[in-house]
file model-v5.cif (mmCIF, C-alpha atoms)
data_structure
loop_
_atom_site.group_PDB
_atom_site.id
_atom_site.type_symbol
_atom_site.label_atom_id
_atom_site.label_comp_id
_atom_site.auth_asym_id
_atom_site.auth_seq_id
_atom_site.Cartn_x
_atom_site.Cartn_y
_atom_site.Cartn_z
ATOM 1 C CA MET D 1 -33.775 -35.808 47.550
ATOM 2 C CA LEU D 2 -34.407 -35.161 43.873
ATOM 3 C CA ARG D 3 -37.410 -33.235 42.651
ATOM 4 C CA VAL D 4 -37.992 -33.266 38.894
ATOM 5 C CA ALA D 5 -39.382 -29.761 39.123
ATOM 6 C CA PRO D 6 -36.251 -27.728 39.969
ATOM 7 C CA ASP D 7 -35.734 -27.095 43.663
ATOM 8 C CA ALA D 8 -32.707 -25.055 44.710
ATOM 9 C CA LEU D 9 -33.246 -25.811 48.404
ATOM 10 C CA GLU D 10 -33.191 -29.589 47.942
ATOM 11 C CA ALA D 11 -30.227 -29.205 45.593
ATOM 12 C CA THR D 12 -28.344 -27.268 48.260
ATOM 13 C CA ARG D 13 -28.902 -30.055 50.783
ATOM 14 C CA ASP D 14 -27.620 -32.701 48.378
ATOM 15 C CA GLU D 15 -24.591 -30.626 47.403
ATOM 16 C CA GLU D 16 -23.792 -30.252 51.092
ATOM 17 C CA ALA D 17 -23.809 -34.049 51.387
ATOM 18 C CA VAL D 18 -21.316 -34.303 48.516
ATOM 19 C CA ARG D 19 -19.136 -31.678 50.187
ATOM 20 C CA ARG D 20 -19.113 -33.595 53.465
ATOM 21 C CA VAL D 21 -18.069 -36.810 51.739
ATOM 22 C CA ALA D 22 -15.250 -35.127 49.806
ATOM 23 C CA GLN D 23 -14.024 -33.262 52.872
ATOM 24 C CA GLY D 24 -14.157 -36.471 54.903
ATOM 25 C CA VAL D 25 -12.018 -38.354 52.390
ATOM 26 C CA LEU D 26 -9.430 -35.582 52.340
ATOM 27 C CA ALA D 27 -9.418 -35.168 56.134
ATOM 28 C CA ALA D 28 -8.902 -38.901 56.616
ATOM 29 C CA ALA D 29 -5.845 -38.654 54.351
ATOM 30 C CA GLY D 30 -4.511 -35.665 56.279
ATOM 31 C CA VAL D 31 -5.080 -33.249 53.405
ATOM 32 C CA ARG D 32 -6.173 -29.734 54.297
ATOM 33 C CA ALA D 33 -8.700 -28.354 51.824
ATOM 34 C CA ALA D 34 -11.105 -25.486 51.345
ATOM 35 C CA ALA D 35 -14.259 -25.357 53.396
ATOM 36 C CA VAL D 36 -16.381 -25.008 50.265
ATOM 37 C CA ALA D 37 -16.733 -27.884 47.833
ATOM 38 C CA GLY D 38 -16.097 -27.571 44.120
ATOM 39 C CA PRO D 39 -14.841 -29.682 41.217
ATOM 40 C CA VAL D 40 -11.219 -29.257 42.318
ATOM 41 C CA ILE D 41 -11.965 -30.567 45.820
ATOM 42 C CA VAL D 42 -13.993 -33.526 44.548
ATOM 43 C CA ALA D 43 -11.243 -34.372 42.047
ATOM 44 C CA ALA D 44 -8.717 -34.266 44.907
ATOM 45 C CA ALA D 45 -10.842 -36.671 46.956
ATOM 46 C CA PHE D 46 -10.977 -39.139 44.078
ATOM 47 C CA ALA D 47 -7.208 -38.804 43.608
ATOM 48 C CA VAL D 48 -6.616 -39.561 47.289
ATOM 49 C CA GLN D 49 -8.804 -42.657 47.037
ATOM 50 C CA ALA D 50 -6.670 -43.783 44.100
ATOM 51 C CA GLY D 51 -3.550 -43.466 46.252
ATOM 52 C CA LEU D 52 -2.236 -40.334 44.570
ATOM 53 C CA ARG D 53 -0.688 -37.338 46.290
ATOM 54 C CA VAL D 54 -2.657 -34.126 45.890
ATOM 55 C CA ASP D 55 -2.070 -30.444 46.480
ATOM 56 C CA VAL D 56 -5.216 -28.395 46.966
ATOM 57 C CA THR D 57 -3.453 -25.148 47.830
ATOM 58 C CA GLY D 58 -5.520 -22.319 46.446
ATOM 59 C CA SER D 59 -8.535 -24.544 45.803
ATOM 60 C CA GLN D 60 -10.703 -22.375 48.036
ATOM 61 C CA LYS D 61 -10.342 -19.542 45.532
ATOM 62 C CA VAL D 62 -11.515 -21.865 42.765
ATOM 63 C CA ALA D 63 -14.422 -23.122 44.830
ATOM 64 C CA MET D 64 -15.575 -19.639 45.783
ATOM 65 C CA ARG D 65 -16.041 -18.327 42.221
ATOM 66 C CA GLU D 66 -19.452 -17.465 40.810
ATOM 67 C CA PRO D 67 -21.621 -20.457 39.797
ATOM 68 C CA LEU D 68 -21.855 -21.326 36.095
ATOM 69 C CA GLU D 69 -18.311 -20.009 35.804
ATOM 70 C CA PRO D 70 -16.686 -20.457 32.354
ATOM 71 C CA VAL D 71 -13.473 -22.399 32.967
ATOM 72 C CA GLY D 72 -10.522 -23.004 30.689
ATOM 73 C CA PRO D 73 -8.458 -26.172 30.237
ATOM 74 C CA ALA D 74 -6.980 -27.631 33.432
ATOM 75 C CA PRO D 75 -5.364 -31.004 34.246
ATOM 76 C CA TYR D 76 -8.175 -32.243 36.504
ATOM 77 C CA LEU D 77 -10.704 -31.471 33.758
ATOM 78 C CA ALA D 78 -8.535 -33.061 31.060
ATOM 79 C CA ARG D 79 -8.483 -36.323 33.021
ATOM 80 C CA SER D 80 -12.272 -36.378 32.944
ATOM 81 C CA VAL D 81 -12.276 -35.858 29.174
ATOM 82 C CA ALA D 82 -9.825 -38.735 28.773
ATOM 83 C CA ARG D 83 -12.130 -40.998 30.817
ATOM 84 C CA ALA D 84 -15.136 -39.951 28.735
ATOM 85 C CA LEU D 85 -13.301 -40.711 25.491
ATOM 86 C CA ALA D 86 -12.235 -44.117 26.814
ATOM 87 C CA THR D 87 -15.839 -45.146 27.528
ATOM 88 C CA ARG D 88 -17.298 -44.272 24.139
ATOM 89 C CA PRO D 89 -19.054 -47.214 22.460
ATOM 90 C CA ASP D 90 -17.466 -49.218 19.657
ATOM 91 C CA GLY D 91 -18.266 -47.691 16.301
ATOM 92 C CA ALA D 92 -18.648 -44.156 17.653
ATOM 93 C CA GLU D 93 -17.269 -41.216 15.690
ATOM 94 C CA ALA D 94 -13.561 -41.912 15.454
ATOM 95 C CA THR D 95 -12.402 -38.655 13.876
ATOM 96 C CA GLY D 96 -12.168 -35.192 15.303
ATOM 97 C CA GLY D 97 -11.539 -36.256 18.883
ATOM 98 C CA SER D 98 -12.593 -33.978 21.716
ATOM 99 C CA GLN D 99 -10.453 -31.722 23.845
ATOM 100 C CA LEU D 100 -10.876 -28.842 26.234
ATOM 101 C CA THR D 101 -10.701 -25.376 24.782
ATOM 102 C CA GLY D 102 -10.729 -21.860 26.155
ATOM 103 C CA TRP D 103 -13.635 -19.430 26.191
ATOM 104 C CA GLN D 104 -13.612 -16.584 23.668
ATOM 105 C CA ARG D 105 -15.313 -13.210 24.053
ATOM 106 C CA ALA D 106 -18.143 -14.214 21.714
ATOM 107 C CA ASP D 107 -18.670 -17.401 23.751
ATOM 108 C CA HIS D 108 -19.156 -15.370 26.925
ATOM 109 C CA ALA D 109 -21.769 -13.246 25.169
ATOM 110 C CA ILE D 110 -23.759 -16.337 24.153
ATOM 111 C CA LEU D 111 -23.552 -17.693 27.708
ATOM 112 C CA ASP D 112 -24.911 -14.389 29.009
ATOM 113 C CA ARG D 113 -27.842 -14.586 26.564
ATOM 114 C CA CYS D 114 -28.407 -18.207 27.560
ATOM 115 C CA ARG D 115 -28.634 -17.284 31.240
ATOM 116 C CA ALA D 116 -30.981 -14.428 30.400
ATOM 117 C CA ALA D 117 -33.227 -16.816 28.452
ATOM 118 C CA LEU D 118 -33.328 -19.200 31.409
ATOM 119 C CA ALA D 119 -34.037 -16.356 33.817
ATOM 120 C CA ALA D 120 -37.020 -15.277 31.710
ATOM 121 C CA ALA D 121 -38.396 -18.726 30.882
ATOM 122 C CA TRP D 122 -37.589 -20.838 33.948
ATOM 123 C CA PRO D 123 -36.008 -18.912 36.837
ATOM 124 C CA GLU D 124 -36.388 -21.895 39.189
ATOM 125 C CA MET D 125 -34.191 -23.965 36.873
ATOM 126 C CA LEU D 126 -31.569 -21.244 36.687
ATOM 127 C CA ALA D 127 -31.571 -21.042 40.499
ATOM 128 C CA GLU D 128 -30.985 -24.793 40.778
ATOM 129 C CA LEU D 129 -28.248 -24.717 38.145
ATOM 130 C CA ARG D 130 -26.494 -22.001 40.114
ATOM 131 C CA VAL D 131 -26.423 -24.392 43.078
ATOM 132 C CA CYS D 132 -25.273 -27.481 41.166
ATOM 133 C CA VAL D 133 -23.001 -26.199 38.394
ATOM 134 C CA ALA D 134 -19.853 -24.454 39.535
ATOM 135 C CA GLN D 135 -17.910 -24.581 36.269
ATOM 136 C CA VAL D 136 -18.726 -24.854 32.565
ATOM 137 C CA ALA D 137 -15.941 -26.289 30.406
ATOM 138 C CA LEU D 138 -15.972 -26.133 26.604
ATOM 139 C CA LEU D 139 -15.009 -28.988 24.293
ATOM 140 C CA GLU D 140 -13.915 -28.929 20.669
ATOM 141 C CA GLY D 141 -14.090 -31.900 18.327
ATOM 142 C CA ARG D 142 -16.923 -34.175 17.218
ATOM 143 C CA ALA D 143 -16.367 -37.110 19.561
ATOM 144 C CA ILE D 144 -18.301 -35.775 22.590
ATOM 145 C CA ASP D 145 -21.314 -33.460 22.615
ATOM 146 C CA GLY D 146 -21.380 -33.107 26.399
ATOM 147 C CA PHE D 147 -20.991 -35.040 29.637
ATOM 148 C CA THR D 148 -20.530 -34.933 33.391
ATOM 149 C CA ASP D 149 -18.117 -36.895 35.565
ATOM 150 C CA PHE D 150 -18.717 -37.416 39.279
ATOM 151 C CA ALA D 151 -14.931 -37.298 39.769
ATOM 152 C CA THR D 152 -15.176 -33.577 38.929
ATOM 153 C CA HIS D 153 -18.647 -33.074 40.364
ATOM 154 C CA GLY D 154 -19.840 -29.526 39.824
ATOM 155 C CA ALA D 155 -18.201 -29.169 36.403
ATOM 156 C CA VAL D 156 -20.128 -29.737 33.181
ATOM 157 C CA TYR D 157 -18.534 -30.288 29.781
ATOM 158 C CA ILE D 158 -20.317 -28.962 26.679
ATOM 159 C CA ASN D 159 -19.210 -28.862 23.057
ATOM 160 C CA ARG D 160 -18.568 -25.358 21.766
ATOM 161 C CA ALA D 161 -20.760 -26.153 18.742
ATOM 162 C CA ARG D 162 -23.772 -25.861 21.071
ATOM 163 C CA LEU D 163 -23.089 -22.115 21.319
ATOM 164 C CA GLY D 164 -24.042 -21.708 17.662
ATOM 165 C CA ALA D 165 -27.314 -22.104 15.797
ATOM 166 C CA SER D 166 -28.299 -25.592 14.660
ATOM 167 C CA PRO D 167 -28.885 -26.534 10.991
ATOM 168 C CA LEU D 168 -32.603 -26.784 11.850
ATOM 169 C CA GLY D 169 -32.760 -23.225 13.130
ATOM 170 C CA LEU D 170 -32.415 -23.481 16.906
ATOM 171 C CA PRO D 171 -30.631 -20.336 18.171
ATOM 172 C CA GLY D 172 -27.292 -20.762 19.925
ATOM 173 C CA PRO D 173 -28.453 -19.432 23.329
ATOM 174 C CA VAL D 174 -31.382 -21.859 23.265
ATOM 175 C CA ARG D 175 -29.161 -24.813 22.364
ATOM 176 C CA PHE D 176 -26.741 -23.911 25.136
ATOM 177 C CA ALA D 177 -29.598 -23.479 27.608
ATOM 178 C CA GLU D 178 -30.736 -27.010 26.791
ATOM 179 C CA ALA D 179 -27.167 -28.276 27.219
ATOM 180 C CA LEU D 180 -26.905 -26.618 30.638
ATOM 181 C CA VAL D 181 -30.226 -28.104 31.756
ATOM 182 C CA HIS D 182 -29.184 -31.502 30.372
ATOM 183 C CA GLU D 183 -25.769 -31.686 32.004
ATOM 184 C CA GLY D 184 -26.909 -29.810 35.109
ATOM 185 C CA THR D 185 -29.641 -32.402 35.601
ATOM 186 C CA HIS D 186 -27.087 -35.206 35.455
ATOM 187 C CA THR D 187 -25.126 -33.307 38.103
ATOM 188 C CA ARG D 188 -28.287 -32.920 40.178
ATOM 189 C CA CYS D 189 -29.075 -36.654 39.899
ATOM 190 C CA ASN D 190 -25.525 -37.648 40.839
ATOM 191 C CA ALA D 191 -25.693 -35.639 44.055
ATOM 192 C CA ALA D 192 -29.229 -36.751 44.960
ATOM 193 C CA GLN D 193 -28.599 -40.457 44.522
ATOM 194 C CA LEU D 194 -25.670 -40.301 46.936
ATOM 195 C CA SER D 195 -28.136 -40.004 49.827
ATOM 196 C CA ASN D 196 -31.326 -41.327 48.224
ATOM 197 C CA PRO D 197 -30.698 -43.988 45.521
ATOM 198 C CA PHE D 198 -33.144 -44.290 42.664
ATOM 199 C CA LEU D 199 -32.509 -47.987 42.043
ATOM 200 C CA THR D 200 -32.256 -51.058 44.251
ATOM 201 C CA PRO D 201 -29.081 -53.184 44.317
ATOM 202 C CA ALA D 202 -30.898 -55.692 42.076
ATOM 203 C CA ALA D 203 -30.761 -53.169 39.226
ATOM 204 C CA GLY D 204 -27.040 -53.777 38.922
ATOM 205 C CA GLY D 205 -27.689 -57.288 37.705
ATOM 206 C CA ALA D 206 -30.387 -56.324 35.201
ATOM 207 C CA ASP D 207 -29.837 -56.602 31.459
ATOM 208 C CA LEU D 208 -28.666 -53.553 29.575
ATOM 209 C CA VAL D 209 -31.466 -51.672 27.817
ATOM 210 C CA ARG D 210 -31.883 -49.486 24.768
ATOM 211 C CA THR D 211 -32.115 -45.789 25.581
ATOM 212 C CA PRO D 212 -33.197 -42.677 23.674
ATOM 213 C CA LEU D 213 -29.873 -40.821 23.943
ATOM 214 C CA ARG D 214 -27.251 -43.521 23.400
ATOM 215 C CA SER D 215 -26.685 -45.920 20.514
ATOM 216 C CA ASP D 216 -25.221 -48.579 22.808
ATOM 217 C CA PRO D 217 -27.315 -50.448 25.422
ATOM 218 C CA ARG D 218 -27.024 -48.848 28.840
ATOM 219 C CA PRO D 219 -27.599 -49.854 32.491
ATOM 220 C CA LEU D 220 -30.919 -48.944 34.069
ATOM 221 C CA ALA D 221 -29.153 -46.249 36.097
ATOM 222 C CA GLY D 222 -28.207 -44.469 32.877
ATOM 223 C CA LEU D 223 -31.729 -44.785 31.497
ATOM 224 C CA PHE D 224 -33.176 -43.375 34.719
ATOM 225 C CA GLN D 225 -31.073 -40.236 34.466
ATOM 226 C CA GLN D 226 -32.007 -39.914 30.795
ATOM 227 C CA ALA D 227 -35.701 -39.955 31.728
ATOM 228 C CA VAL D 228 -35.214 -37.055 34.141
ATOM 229 C CA VAL D 229 -33.031 -35.144 31.679
ATOM 230 C CA LEU D 230 -35.490 -35.561 28.811
ATOM 231 C CA ALA D 231 -38.520 -34.643 30.920
ATOM 232 C CA ARG D 232 -36.823 -31.457 32.112
ATOM 233 C CA CYS D 233 -35.582 -30.502 28.657
ATOM 234 C CA THR D 234 -39.064 -31.041 27.228
ATOM 235 C CA ALA D 235 -40.443 -28.720 29.890
ATOM 236 C CA LEU D 236 -37.718 -26.188 29.092
ATOM 237 C CA TYR D 237 -38.888 -25.899 25.497
ATOM 238 C CA GLY D 238 -42.493 -25.549 26.611
ATOM 239 C CA ARG D 239 -41.447 -22.560 28.676
ATOM 240 C CA LEU D 240 -39.189 -21.123 25.984
ATOM 241 C CA LEU D 241 -42.102 -21.213 23.538
ATOM 242 C CA ASN D 242 -43.914 -18.857 25.904
ATOM 243 C CA THR D 243 -41.042 -16.347 25.964
ATOM 244 C CA GLU D 244 -39.277 -16.662 22.590
ATOM 245 C CA SER D 245 -40.784 -14.836 19.612
ATOM 246 C CA THR D 246 -38.587 -16.384 16.898
ATOM 247 C CA ALA D 247 -37.692 -19.886 15.699
ATOM 248 C CA THR D 248 -40.919 -21.256 17.165
ATOM 249 C CA ALA D 249 -41.163 -24.037 14.565
ATOM 250 C CA ALA D 250 -37.663 -25.244 15.436
ATOM 251 C CA LEU D 251 -38.422 -25.033 19.169
ATOM 252 C CA THR D 252 -41.648 -27.002 18.747
ATOM 253 C CA ALA D 253 -39.921 -29.713 16.703
ATOM 254 C CA ARG D 254 -37.200 -30.029 19.329
ATOM 255 C CA GLN D 255 -39.748 -30.199 22.132
ATOM 256 C CA ASP D 256 -41.646 -32.987 20.348
ATOM 257 C CA ARG D 257 -38.464 -35.014 19.821
ATOM 258 C CA LEU D 258 -37.434 -34.661 23.466
ATOM 259 C CA SER D 259 -40.934 -35.567 24.649
ATOM 260 C CA ASP D 260 -40.931 -38.738 22.546
ATOM 261 C CA GLY D 261 -37.596 -39.747 24.058
ATOM 262 C CA ALA D 262 -38.798 -39.022 27.591
ATOM 263 C CA ARG D 263 -41.903 -41.163 27.143
ATOM 264 C CA GLN D 264 -39.812 -43.989 25.691
ATOM 265 C CA ALA D 265 -37.471 -43.872 28.695
ATOM 266 C CA ILE D 266 -40.333 -43.774 31.192
ATOM 267 C CA GLY D 267 -42.082 -46.694 29.472
ATOM 268 C CA THR D 268 -38.961 -48.867 29.630
ATOM 269 C CA LEU D 269 -38.421 -48.005 33.290
ATOM 270 C CA ARG D 270 -42.033 -48.922 34.069
ATOM 271 C CA GLN D 271 -41.246 -52.390 32.718
ATOM 272 C CA HIS D 272 -38.454 -52.607 35.334
ATOM 273 C CA SER D 273 -40.321 -50.932 38.183
ATOM 274 C CA ALA D 274 -39.339 -53.690 40.626
ATOM 275 C CA THR D 275 -35.746 -52.386 40.460
ATOM 276 C CA LEU D 276 -36.731 -48.844 41.467
ATOM 277 C CA THR D 277 -36.676 -47.624 45.041
ATOM 278 C CA GLU D 278 -39.595 -45.714 46.513
ATOM 279 C CA HIS D 279 -37.680 -42.540 45.739
ATOM 280 C CA GLY D 280 -37.072 -43.681 42.172
ATOM 281 C CA LEU D 281 -40.751 -44.468 41.622
ATOM 282 C CA ALA D 282 -41.709 -41.050 42.970
ATOM 283 C CA VAL D 283 -39.260 -39.323 40.615
ATOM 284 C CA LEU D 284 -40.604 -41.324 37.677
ATOM 285 C CA GLY D 285 -44.110 -40.189 38.564
ATOM 286 C CA GLU D 286 -42.885 -36.587 38.649
ATOM 287 C CA CYS D 287 -41.397 -37.041 35.165
ATOM 288 C CA ASP D 288 -44.855 -38.111 33.958
ATOM 289 C CA ALA D 289 -46.433 -35.094 35.628
ATOM 290 C CA LEU D 290 -43.927 -32.665 34.093
ATOM 291 C CA LEU D 291 -44.727 -33.999 30.624
ATOM 292 C CA ARG D 292 -48.506 -33.755 30.907
ATOM 293 C CA PRO D 293 -48.830 -30.077 29.904
ATOM 294 C CA THR D 294 -47.034 -30.860 26.650
ATOM 295 C CA ALA D 295 -49.026 -33.972 25.804
ATOM 296 C CA VAL D 296 -50.838 -33.920 22.473
#

call {"tool": "encode", "arguments": {"input": "model-v5.cif", "output": "structure tokens"}}
result
Amino acid sequence: MLRVAPDALEATRDEEAVRRVAQGVLAAAGVRAAAVAGPVIVAAAFAVQAGLRVDVTGSQKVAMREPLEPVGPAPYLARSVARALATRPDGAEATGGSQLTGWQRADHAILDRCRAALAAAWPEMLAELRVCVAQVALLEGRAIDGFTDFATHGAVYINRARLGASPLGLPGPVRFAEALVHEGTHTRCNAAQLSNPFLTPAAGGADLVRTPLRSDPRPLAGLFQQAVVLARCTALYGRLLNTESTATAALTARQDRLSDGARQAIGTLRQHSATLTEHGLAVLGECDALLRPTAV
């Protein structure tokens, strides 16, 4: 069950449910796999469902690595990038593409500073991320800023540009911390809704709606996840402002923009409250509560 305030214990329970499903799919196909879930195992389960032959030899070693592990290009990750590129809206940035790239020494240093910033500002969030995010893959190219794919659940994909400072003065470690919270929250939602859906079946027939984070109209399910992501990222900046001594104007401006988006998402979902489950309504209420300390 999802809690908008980070909860590593609940996250562990939901990740265990994902593991059981993936292991069950592989066992039914006669495929022996590691006892611990990870993006490789989930990708293998999806491949089996598609009628493909898989080899998960050595996948236990991959699954047993440290959480938030920087990961280089790999075929199962590249397939996710190809799917993400194929679903981009018409009229989206057509140049630059996006592809997986390896981690450089300087990138590792920024990731370390990012984790330190999260540990100081919001240790509960870092603890949950360490449960949900097994691998962090870097992208190059302007087409995709970041994404998750349930077919490689446990991996998050973030553009390398987020490791550097923004034109408006946000430091690289702060930008990457936001990206981890953003994509990690999508990962958290994907696992939670497997056992406890946020939306009723009727939501699938609802009209597409405008959302704060996408230029193209999106299903209510996408808007719901955006509301949780934006509420958490708003709260992140509130906490960073209590621990960071520089770039406070840039942090405040970013917090205000995220808060506006969160309130827009929540307002639209309130207009479609009949399509939310009891769990979904509770999560929406928690989004409201998380935003209250930052209200003007």

call {"tool": "resolve_selection", "arguments": {"input": "model-v5.cif", "expression": "the PyMOL selection byres ((chain D and resi 153-163) around 8)", "output": "PyMOL selection string"}}
result
chain D and resi 38-39+42-43+107+110-111+132-141+144-152+164-166+172-173+175-176+179-180+183-184+187

call {"tool": "closest_residue", "arguments": {"input": "model-v5.cif", "among": "D:Cys287, D:Glu66, D:Arg115, D:Gly261", "to": "Arg214 (chain D)", "atoms": "all atoms listed in the file"}}
result
D:Gly261

call {"tool": "closest_residue", "arguments": {"input": "model-v5.cif", "among": "D:Ala84, D:Val174, D:Ala282, D:Leu269", "to": "Ala203 (chain D)", "atoms": "only C-alpha atoms"}}
result
D:Leu269

call {"tool": "closest_residue", "arguments": {"input": "model-v5.cif", "among": "D:Pro219, D:Gly102, D:Gly72, D:Pro6", "to": "Val283 (chain D)", "atoms": "all atoms listed in the file"}}
result
D:Pro6

call {"tool": "closest_residue", "arguments": {"input": "model-v5.cif", "among": "D:Gln23, D:Thr234, D:Thr200, D:Thr87", "to": "Gln255 (chain D)", "atoms": "all atoms listed in the file"}}
result
D:Thr234

call {"tool": "atom_distance", "arguments": {"input": "model-v5.cif", "atom1": "CA of Gly238 (chain D)", "atom2": "CA of Gln193 (chain D)"}}
result
27.1 Å

call {"tool": "residues_around", "arguments": {"input": "model-v5.cif", "residues": "Thr12 (chain D)", "least_positions_apart": "3", "cutoff": "8 Å", "atoms": "all atoms listed in the file", "output": "PyMOL selection string"}}
result
chain D and resi 8-9+15-16+131-132

call {"tool": "write_last_selection", "arguments": {"input": "model-v5.cif", "atoms": "C-alpha atoms", "output": "short mmCIF file (atom, residue, chain, number, x, y, z; two decimals), keeping the file's coordinate frame"}}
result
data_model
loop_
_atom_site.label_atom_id
_atom_site.label_comp_id
_atom_site.auth_asym_id
_atom_site.auth_seq_id
_atom_site.Cartn_x
_atom_site.Cartn_y
_atom_site.Cartn_z
CA ALA D 8 -32.71 -25.06 44.71
CA LEU D 9 -33.25 -25.81 48.40
CA GLU D 15 -24.59 -30.63 47.40
CA GLU D 16 -23.79 -30.25 51.09
CA VAL D 131 -26.42 -24.39 43.08
CA CYS D 132 -25.27 -27.48 41.17
#

call {"tool": "build_atoms", "arguments": {"input": "model-v5.cif", "residues": "region 240-253 of chain D", "atoms": "N, CA, C and O atoms", "output": "mmCIF file, in the coordinates of the input"}}
result
data_model
loop_
_atom_site.group_PDB
_atom_site.id
_atom_site.type_symbol
_atom_site.label_atom_id
_atom_site.label_comp_id
_atom_site.auth_asym_id
_atom_site.auth_seq_id
_atom_site.Cartn_x
_atom_site.Cartn_y
_atom_site.Cartn_z
ATOM 1 N N LEU D 240 -39.803 -22.016 26.956
ATOM 2 C CA LEU D 240 -39.189 -21.123 25.984
ATOM 3 C C LEU D 240 -40.186 -20.681 24.916
ATOM 4 O O LEU D 240 -40.136 -19.539 24.438
ATOM 5 N N LEU D 241 -41.098 -21.569 24.536
ATOM 6 C CA LEU D 241 -42.102 -21.213 23.538
ATOM 7 C C LEU D 241 -43.028 -20.105 24.029
ATOM 8 O O LEU D 241 -43.669 -19.421 23.224
ATOM 9 N N ASN D 242 -43.096 -19.935 25.345
ATOM 10 C CA ASN D 242 -43.914 -18.857 25.904
ATOM 11 C C ASN D 242 -43.169 -17.531 25.998
ATOM 12 O O ASN D 242 -43.789 -16.491 26.246
ATOM 13 N N THR D 243 -41.839 -17.577 25.816
ATOM 14 C CA THR D 243 -41.042 -16.347 25.964
ATOM 15 C C THR D 243 -40.280 -15.978 24.704
ATOM 16 O O THR D 243 -39.901 -14.817 24.543
ATOM 17 N N GLU D 244 -40.021 -16.931 23.820
ATOM 18 C CA GLU D 244 -39.277 -16.662 22.590
ATOM 19 C C GLU D 244 -40.249 -16.290 21.471
ATOM 20 O O GLU D 244 -41.282 -16.944 21.297
ATOM 21 N N SER D 245 -39.908 -15.279 20.699
ATOM 22 C CA SER D 245 -40.784 -14.836 19.612
ATOM 23 C C SER D 245 -40.304 -15.278 18.238
ATOM 24 O O SER D 245 -40.976 -15.041 17.236
ATOM 25 N N THR D 246 -39.131 -15.925 18.175
ATOM 26 C CA THR D 246 -38.587 -16.384 16.898
ATOM 27 C C THR D 246 -38.271 -17.867 16.978
ATOM 28 O O THR D 246 -38.201 -18.457 18.065
ATOM 29 N N ALA D 247 -38.076 -18.473 15.818
ATOM 30 C CA ALA D 247 -37.692 -19.886 15.699
ATOM 31 C C ALA D 247 -38.672 -20.816 16.402
ATOM 32 O O ALA D 247 -38.280 -21.872 16.890
ATOM 33 N N THR D 248 -39.953 -20.437 16.424
ATOM 34 C CA THR D 248 -40.919 -21.256 17.165
ATOM 35 C C THR D 248 -41.106 -22.634 16.543
ATOM 36 O O THR D 248 -41.336 -23.608 17.262
ATOM 37 N N ALA D 249 -41.018 -22.723 15.207
ATOM 38 C CA ALA D 249 -41.163 -24.037 14.565
ATOM 39 C C ALA D 249 -40.024 -24.957 14.989
ATOM 40 O O ALA D 249 -40.248 -26.145 15.274
ATOM 41 N N ALA D 250 -38.814 -24.438 15.024
ATOM 42 C CA ALA D 250 -37.663 -25.244 15.436
ATOM 43 C C ALA D 250 -37.774 -25.636 16.901
ATOM 44 O O ALA D 250 -37.452 -26.765 17.278
ATOM 45 N N LEU D 251 -38.250 -24.723 17.750
ATOM 46 C CA LEU D 251 -38.422 -25.033 19.169
ATOM 47 C C LEU D 251 -39.487 -26.112 19.368
ATOM 48 O O LEU D 251 -39.299 -27.033 20.170
ATOM 49 N N THR D 252 -40.582 -26.013 18.621
ATOM 50 C CA THR D 252 -41.648 -27.002 18.747
ATOM 51 C C THR D 252 -41.172 -28.373 18.303
ATOM 52 O O THR D 252 -41.463 -29.391 18.955
ATOM 53 N N ALA D 253 -40.432 -28.433 17.196
ATOM 54 C CA ALA D 253 -39.921 -29.713 16.703
ATOM 55 C C ALA D 253 -38.971 -30.339 17.719
ATOM 56 O O ALA D 253 -39.007 -31.555 17.954
#
